[in-house]
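Text of model32.pdb, listed as PDB, C-alpha atoms:
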MODEL        1
ATOM      1  CA  LYS A   1     -39.878 -29.309   9.891
ATOM      2  CA  GLY A   2     -36.216 -30.331   9.775
ATOM      3  CA  GLY A   3     -34.930 -27.796   7.248
ATOM      4  CA  GLY A   4     -32.635 -30.289   5.474
ATOM      5  CA  ARG A   5     -29.326 -31.797   6.422
ATOM      6  CA  PRO A   6     -26.918 -29.980   8.748
ATOM      7  CA  HIS A   7     -24.000 -28.091   7.209
ATOM      8  CA  LEU A   8     -20.717 -29.954   7.026
ATOM      9  CA  PHE A   9     -17.706 -28.291   8.640
ATOM     10  CA  GLY A  10     -16.204 -27.026   5.377
ATOM     11  CA  GLU A  11     -19.548 -25.630   4.204
ATOM     12  CA  LYS A  12     -20.026 -23.225   7.089
ATOM     13  CA  LYS A  13     -19.419 -19.645   6.146
ATOM     14  CA  GLN A  14     -17.138 -17.746   8.475
ATOM     15  CA  GLY A  15     -17.103 -14.075   7.686
ATOM     16  CA  ARG A  16     -15.424 -11.355   9.689
ATOM     17  CA  GLY A  17     -16.658 -11.352  13.257
ATOM     18  CA  GLU A  18     -17.274 -15.089  13.450
ATOM     19  CA  PRO A  19     -15.009 -17.308  15.579
ATOM     20  CA  GLY A  20     -12.923 -18.780  12.737
ATOM     21  CA  SER A  21     -12.181 -15.398  11.235
ATOM     22  CA  ARG A  22     -11.320 -13.866  14.628
ATOM     23  CA  SER A  23      -9.008 -16.792  15.358
ATOM     24  CA  LEU A  24      -7.214 -16.288  12.067
ATOM     25  CA  LEU A  25      -6.775 -12.574  12.801
ATOM     26  CA  ARG A  26      -5.389 -13.420  16.232
ATOM     27  CA  LEU A  27      -2.976 -15.998  14.817
ATOM     28  CA  THR A  28      -1.717 -13.750  12.028
ATOM     29  CA  SER A  29      -1.276 -10.981  14.578
ATOM     30  CA  VAL A  30       0.865 -13.223  16.809
ATOM     31  CA  ILE A  31       3.148 -14.238  13.916
ATOM     32  CA  LYS A  32       3.398 -10.638  12.655
ATOM     33  CA  MET A  33       1.745 -11.478   9.372
ATOM     34  CA  LEU A  34      -1.362  -9.363   9.734
ATOM     35  CA  PRO A  35      -1.977  -7.331   6.583
ATOM     36  CA  PRO A  36      -2.112  -3.549   7.078
ATOM     37  CA  SER A  37      -5.833  -3.471   6.246
ATOM     38  CA  ASP A  38      -6.583  -5.848   9.142
ATOM     39  CA  ALA A  39      -3.984  -4.438  11.540
ATOM     40  CA  ALA A  40      -6.100  -1.330  12.084
ATOM     41  CA  ILE A  41      -8.977  -3.536  13.224
ATOM     42  CA  GLY A  42      -7.032  -4.705  16.249
ATOM     43  CA  THR A  43      -6.872  -1.326  17.942
ATOM     44  CA  GLY A  44     -10.530  -0.793  18.767
ATOM     45  CA  GLY A  45     -12.806  -2.311  21.353
ATOM     46  CA  ASP A  46     -15.562  -3.389  18.984
ATOM     47  CA  ASP A  47     -16.444  -6.913  17.879
ATOM     48  CA  ASN A  48     -13.764  -6.833  15.187
ATOM     49  CA  SER A  49     -10.852  -6.135  17.543
ATOM     50  CA  ILE A  50      -8.178  -8.778  17.964
ATOM     51  CA  ASP A  51      -8.522 -10.648  21.247
ATOM     52  CA  GLN A  52      -5.337 -10.020  23.254
ATOM     53  CA  THR A  53      -6.263 -12.349  26.149
ATOM     54  CA  ASP A  54      -3.152 -14.247  27.312
ATOM     55  CA  ILE A  55      -1.420 -13.333  24.048
ATOM     56  CA  HIS A  56       1.980 -13.461  25.812
ATOM     57  CA  LYS A  57       1.497 -17.217  26.337
ATOM     58  CA  TYR A  58       1.167 -17.860  22.630
ATOM     59  CA  GLY A  59       4.010 -15.841  21.165
ATOM     60  CA  LEU A  60       6.871 -17.072  19.074
ATOM     61  CA  GLY A  61       9.476 -17.038  21.804
ATOM     62  CA  SER A  62      12.581 -14.936  22.065
ATOM     63  CA  GLU A  63      15.253 -17.124  20.455
ATOM     64  CA  ARG A  64      14.962 -15.390  17.096
ATOM     65  CA  ASP A  65      13.116 -12.403  15.751
ATOM     66  CA  VAL A  66      10.264 -13.360  13.444
ATOM     67  CA  ASP A  67      11.296 -10.663  10.955
ATOM     68  CA  LEU A  68      14.740 -12.279  10.698
ATOM     69  CA  PHE A  69      13.065 -15.651  10.168
ATOM     70  CA  TYR A  70      10.964 -14.207   7.332
ATOM     71  CA  LYS A  71      14.064 -12.604   5.784
ATOM     72  CA  LEU A  72      16.155 -15.785   5.966
ATOM     73  CA  PHE A  73      13.408 -18.055   4.645
ATOM     74  CA  LEU A  74      12.240 -15.636   1.932
ATOM     75  CA  VAL A  75       8.736 -14.985   3.244
ATOM     76  CA  ASP A  76       7.078 -11.877   1.825
ATOM     77  CA  VAL A  77       4.786 -10.897   4.689
ATOM     78  CA  GLN A  78       3.047  -8.072   2.864
ATOM     79  CA  HIS A  79       1.992 -10.298  -0.052
ATOM     80  CA  ARG A  80       1.749 -13.484   2.063
ATOM     81  CA  ARG A  81       4.035 -15.436  -0.237
ATOM     82  CA  ALA A  82       7.108 -17.547   0.251
ATOM     83  CA  GLN A  83       9.709 -18.420  -2.328
ATOM     84  CA  PRO A  84      10.517 -22.093  -2.823
ATOM     85  CA  LEU A  85      13.576 -23.128  -0.839
ATOM     86  CA  CYS A  86      14.121 -26.574  -2.322
ATOM     87  CA  LYS A  87      17.442 -25.639  -3.931
ATOM     88  CA  PHE A  88      18.556 -24.079  -0.646
ATOM     89  CA  VAL A  89      17.616 -27.079   1.499
ATOM     90  CA  LYS A  90      18.065 -30.164  -0.714
ATOM     91  CA  THR A  91      21.509 -29.143  -1.923
ATOM     92  CA  GLY A  92      22.787 -28.848   1.636
ATOM     93  CA  VAL A  93      23.570 -25.132   1.324
ATOM     94  CA  MET A  94      21.315 -24.251   4.258
ATOM     95  CA  HIS A  95      22.787 -27.005   6.429
ATOM     96  CA  ARG A  96      26.349 -26.036   5.563
ATOM     97  CA  ASP A  97      25.839 -22.318   6.072
ATOM     98  CA  PHE A  98      23.566 -22.419   9.113
ATOM     99  CA  SER A  99      25.186 -25.262  11.072
ATOM    100  CA  ALA A 100      28.331 -23.151  11.317
ATOM    101  CA  HIS A 101      26.278 -21.049  13.742
ATOM    102  CA  LEU A 102      25.143 -23.731  16.188
ATOM    103  CA  ARG A 103      24.522 -22.490  19.712
ATOM    104  CA  ARG A 104      27.153 -23.376  22.280
ATOM    105  CA  ASN A 105      24.573 -25.441  24.154
ATOM    106  CA  GLY A 106      23.906 -27.430  20.968
ATOM    107  CA  ARG A 107      20.228 -26.433  20.883
ATOM    108  CA  GLY A 108      19.672 -25.058  17.423
ATOM    109  CA  ILE A 109      21.070 -22.238  15.374
ATOM    110  CA  ASP A 110      22.066 -18.868  16.793
ATOM    111  CA  TYR A 111      20.222 -16.783  14.235
ATOM    112  CA  SER A 112      21.690 -13.550  15.589
ATOM    113  CA  ASN A 113      24.835 -14.493  13.630
ATOM    114  CA  LEU A 114      22.825 -14.647  10.404
ATOM    115  CA  VAL A 115      21.420 -11.109  10.389
ATOM    116  CA  ASP A 116      23.455 -10.233   7.289
ATOM    117  CA  TYR A 117      22.995 -13.597   5.570
ATOM    118  CA  ASP A 118      21.604 -13.331   2.027
ATOM    119  CA  THR A 119      19.572 -16.435   1.225
ATOM    120  CA  LYS A 120      18.866 -15.371  -2.361
ATOM    121  CA  ALA A 121      22.585 -14.853  -3.012
ATOM    122  CA  ALA A 122      23.358 -18.288  -1.529
ATOM    123  CA  ILE A 123      20.769 -19.938  -3.775
ATOM    124  CA  ASP A 124      22.066 -18.055  -6.809
ATOM    125  CA  ALA A 125      25.649 -19.084  -6.029
ATOM    126  CA  GLU A 126      24.534 -22.741  -5.851
ATOM    127  CA  LEU A 127      22.695 -22.383  -9.152
ATOM    128  CA  ASN A 128      25.740 -20.802 -10.816
ATOM    129  CA  THR A 129      28.174 -23.364  -9.428
ATOM    130  CA  ASN A 130      26.294 -26.594 -10.013
ATOM    131  CA  TRP A 131      22.860 -26.369 -11.597
ATOM    132  CA  ARG A 132      23.321 -23.910 -14.458
ATOM    133  CA  PRO A 133      26.492 -25.467 -15.935
ATOM    134  CA  ARG A 134      24.748 -28.865 -16.021
ATOM    135  CA  ALA A 135      21.628 -27.303 -17.509
ATOM    136  CA  ARG A 136      23.695 -25.580 -20.232
ATOM    137  CA  ARG A 137      25.431 -28.847 -21.103
ATOM    138  CA  GLY A 138      22.074 -30.635 -21.151
ATOM    139  CA  LEU A 139      20.488 -28.048 -23.437
ATOM    140  CA  THR A 140      23.461 -28.081 -25.804
ATOM    141  CA  ARG A 141      23.435 -31.881 -25.984
ATOM    142  CA  ALA A 142      19.652 -31.997 -26.468
ATOM    143  CA  ILE A 143      19.852 -29.499 -29.335
ATOM    144  CA  GLU A 144      22.558 -31.673 -30.949
ATOM    145  CA  MET A 145      20.481 -34.849 -30.438
ATOM    146  CA  ASN A 146      17.422 -33.092 -31.910
ATOM    147  CA  GLU A 147      15.004 -35.491 -30.195
ATOM    148  CA  ILE A 148      11.762 -34.467 -28.479
ATOM    149  CA  GLY A 149      12.322 -36.395 -25.235
ATOM    150  CA  TRP A 150      15.851 -35.074 -24.771
ATOM    151  CA  LEU A 151      14.737 -31.508 -25.460
ATOM    152  CA  ARG A 152      11.789 -31.707 -23.038
ATOM    153  CA  ASN A 153      13.972 -33.089 -20.247
ATOM    154  CA  ALA A 154      16.742 -30.555 -20.857
ATOM    155  CA  ILE A 155      14.271 -27.657 -20.900
ATOM    156  CA  ASP A 156      12.694 -28.885 -17.649
ATOM    157  CA  ALA A 157      16.136 -29.081 -16.005
ATOM    158  CA  ALA A 158      17.000 -25.621 -17.348
ATOM    159  CA  ASP A 159      13.782 -24.202 -15.892
ATOM    160  CA  ARG A 160      14.641 -25.684 -12.484
ATOM    161  CA  ALA A 161      18.101 -24.125 -12.755
ATOM    162  CA  GLU A 162      16.494 -20.797 -13.655
ATOM    163  CA  ILE A 163      18.666 -20.646 -16.758
ATOM    164  CA  ALA A 164      16.424 -18.018 -18.370
ATOM    165  CA  ALA A 165      18.050 -15.422 -16.113
ATOM    166  CA  SER A 166      21.604 -16.255 -17.193
ATOM    167  CA  ASP A 167      21.389 -17.727 -20.701
ATOM    168  CA  PRO A 168      18.025 -16.985 -22.306
ATOM    169  CA  ALA A 169      19.369 -17.384 -25.864
ATOM    170  CA  LEU A 170      20.363 -21.027 -25.307
ATOM    171  CA  LEU A 171      16.995 -21.797 -23.715
ATOM    172  CA  ASP A 172      15.220 -20.132 -26.646
ATOM    173  CA  ARG A 173      17.238 -22.237 -29.117
ATOM    174  CA  ALA A 174      16.183 -25.412 -27.309
ATOM    175  CA  ARG A 175      12.530 -24.338 -27.207
ATOM    176  CA  ASP A 176      12.639 -23.448 -30.908
ATOM    177  CA  ALA A 177      14.146 -26.860 -31.719
ATOM    178  CA  LEU A 178      11.429 -28.588 -29.695
ATOM    179  CA  HIS A 179       8.703 -26.520 -31.342
ATOM    180  CA  LYS A 180      10.012 -27.416 -34.827
ATOM    181  CA  LEU A 181      10.071 -31.124 -33.970
ATOM    182  CA  GLN A 182       6.577 -31.046 -32.504
ATOM    183  CA  ASN A 183       5.179 -29.275 -35.580
ATOM    184  CA  LYS A 184       7.112 -31.352 -38.120
ATOM    185  CA  PRO A 185       4.767 -33.259 -40.461
ATOM    186  CA  HIS A 186       5.069 -37.014 -40.073
TER     187      HIS A 186
ENDMDL
END
For this file, produce the structure as structure tokens.
Amino acid sequence: KGGGRPHLFGEKKQGRGEPGSRSLLRLTSVIKMLPPSDAAIGTGGDDNSIDQTDIHKYGLGSERDVDLFYKLFLVDVQHRRAQPLCKFVKTGVMHRDFSAHLRRNGRGIDYSNLVDYDTKAAIDAELNTNWRPRARRGLTRAIEMNEIGWLRNAIDAADRAEIAASDPALLDRARDALHKLQNKPH
């Protein structure tokens, strides 16, 4: 008899050796993001080896080295994590710093000029110049106002400005003030 309903796409299990898993290994190999534990798999000729058929057709190109890309955009390949770049992009820092290195033909950035660029330092400089001073003023004002809404908003802004790294005492004062107001009997 029928054996029940067919599996939906997302319900199918794809362990190592099945097409979806092999495709993922191939893709992560192409983008140089294959973890060391899986990289050894790709050297043998067994069913778990990474399919190298026409791999040259599906590379990343030669305009920039993928390792430089990962460095500039704060991608930790080993742990498969990326740091948020919102402050780098939305503030215009990336545009300002990178557009100075446009290719002569006008087709994108010449990343070879950015080998020594320090994205973390650029983000930190932006935080120190604009975000943290505003966050400090906001925390100070919120502590003076001694009102829950002001304190919550100022603490949120301070967290976005990563103020804990530069002025943890002020942030602690604001959190203490908020805690006292929240636990104050009515």
message = What's around Ser62 in chain A at 12 Å? Count all atoms listed in the file, leave out sequence neighbours fewer than 6 positions away in its own chain, and write the answer as an MDAnalysis selection string.
response = chainID A and resid 56 68:69 110:112
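The gap separating CA of Pro168 in chain A from CA of Ala135 in chain A is 11.9 Å, in Å to one decimal.
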Picked residues, the PyMOL selection byres ((chain A and resi 154) around 8), as a PyMOL selection string = chain A and resi 135+138-139+142+150-153+155-158
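Using all atoms listed in the file, the smallest distance between any of A:Ala165, A:Ile109, A:Ile143, A:Ile123 and Gln83 in chain A comes from A:Ile123.
Taking CA of Arg96 in chain A and CA of Arg134 in chain A as endpoints, the distance between them is 21.8 Å.
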key: Among listed residues A:Ala169, A:Leu25, A:Ile31, A:Ala125, nearest Asp65 in chain A (using all atoms listed in the file)   = A:Ile31
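Atom to atom, CA of Leu34 in chain A and CA of Phe73 in chain A stand 17.9 Å apart.
The closest residue to Ile55 in chain A, picked from A:Tyr70, A:Asp124, A:Leu27, A:Ala177 and counting only C-alpha atoms, is A:Leu27.
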Where atoms are lacking, range 105-117 of chain A completed to N, CA and C atoms, as an mmCIF file, keeping the file's coordinate frame:
data_model
loop_
_atom_site.group_PDB
_atom_site.id
_atom_site.type_symbol
_atom_site.label_atom_id
_atom_site.label_comp_id
_atom_site.auth_asym_id
_atom_site.auth_seq_id
_atom_site.Cartn_x
_atom_site.Cartn_y
_atom_site.Cartn_z
ATOM 1 N N ASN A 105 25.242 -24.370 23.415
ATOM 2 C CA ASN A 105 24.573 -25.441 24.154
ATOM 3 C C ASN A 105 24.064 -26.550 23.228
ATOM 4 N N GLY A 106 24.299 -26.402 21.921
ATOM 5 C CA GLY A 106 23.906 -27.430 20.968
ATOM 6 C C GLY A 106 22.426 -27.437 20.627
ATOM 7 N N ARG A 107 21.675 -26.460 21.114
ATOM 8 C CA ARG A 107 20.228 -26.433 20.883
ATOM 9 C C ARG A 107 19.867 -25.450 19.778
ATOM 10 N N GLY A 108 20.095 -25.851 18.569
ATOM 11 C CA GLY A 108 19.672 -25.058 17.423
ATOM 12 C C GLY A 108 20.685 -24.030 16.966
ATOM 13 N N ILE A 109 20.238 -23.242 16.032
ATOM 14 C CA ILE A 109 21.070 -22.238 15.374
ATOM 15 C C ILE A 109 20.957 -20.918 16.116
ATOM 16 N N ASP A 110 22.082 -20.226 16.235
ATOM 17 C CA ASP A 110 22.066 -18.868 16.793
ATOM 18 C C ASP A 110 21.844 -17.920 15.618
ATOM 19 N N TYR A 111 20.594 -17.595 15.394
ATOM 20 C CA TYR A 111 20.222 -16.783 14.235
ATOM 21 C C TYR A 111 20.744 -15.356 14.316
ATOM 22 N N SER A 112 21.151 -14.916 15.488
ATOM 23 C CA SER A 112 21.690 -13.550 15.589
ATOM 24 C C SER A 112 22.974 -13.407 14.769
ATOM 25 N N ASN A 113 23.633 -14.520 14.473
ATOM 26 C CA ASN A 113 24.835 -14.493 13.630
ATOM 27 C C ASN A 113 24.510 -14.465 12.135
ATOM 28 N N LEU A 114 23.222 -14.577 11.808
ATOM 29 C CA LEU A 114 22.825 -14.647 10.404
ATOM 30 C C LEU A 114 22.052 -13.406 9.949
ATOM 31 N N VAL A 115 22.152 -12.337 10.712
ATOM 32 C CA VAL A 115 21.420 -11.109 10.389
ATOM 33 C C VAL A 115 21.770 -10.609 8.997
ATOM 34 N N ASP A 116 23.020 -10.732 8.593
ATOM 35 C CA ASP A 116 23.455 -10.233 7.289
ATOM 36 C C ASP A 116 23.483 -11.320 6.211
ATOM 37 N N TYR A 117 22.987 -12.493 6.522
ATOM 38 C CA TYR A 117 22.995 -13.597 5.570
ATOM 39 C C TYR A 117 22.012 -13.303 4.435
#
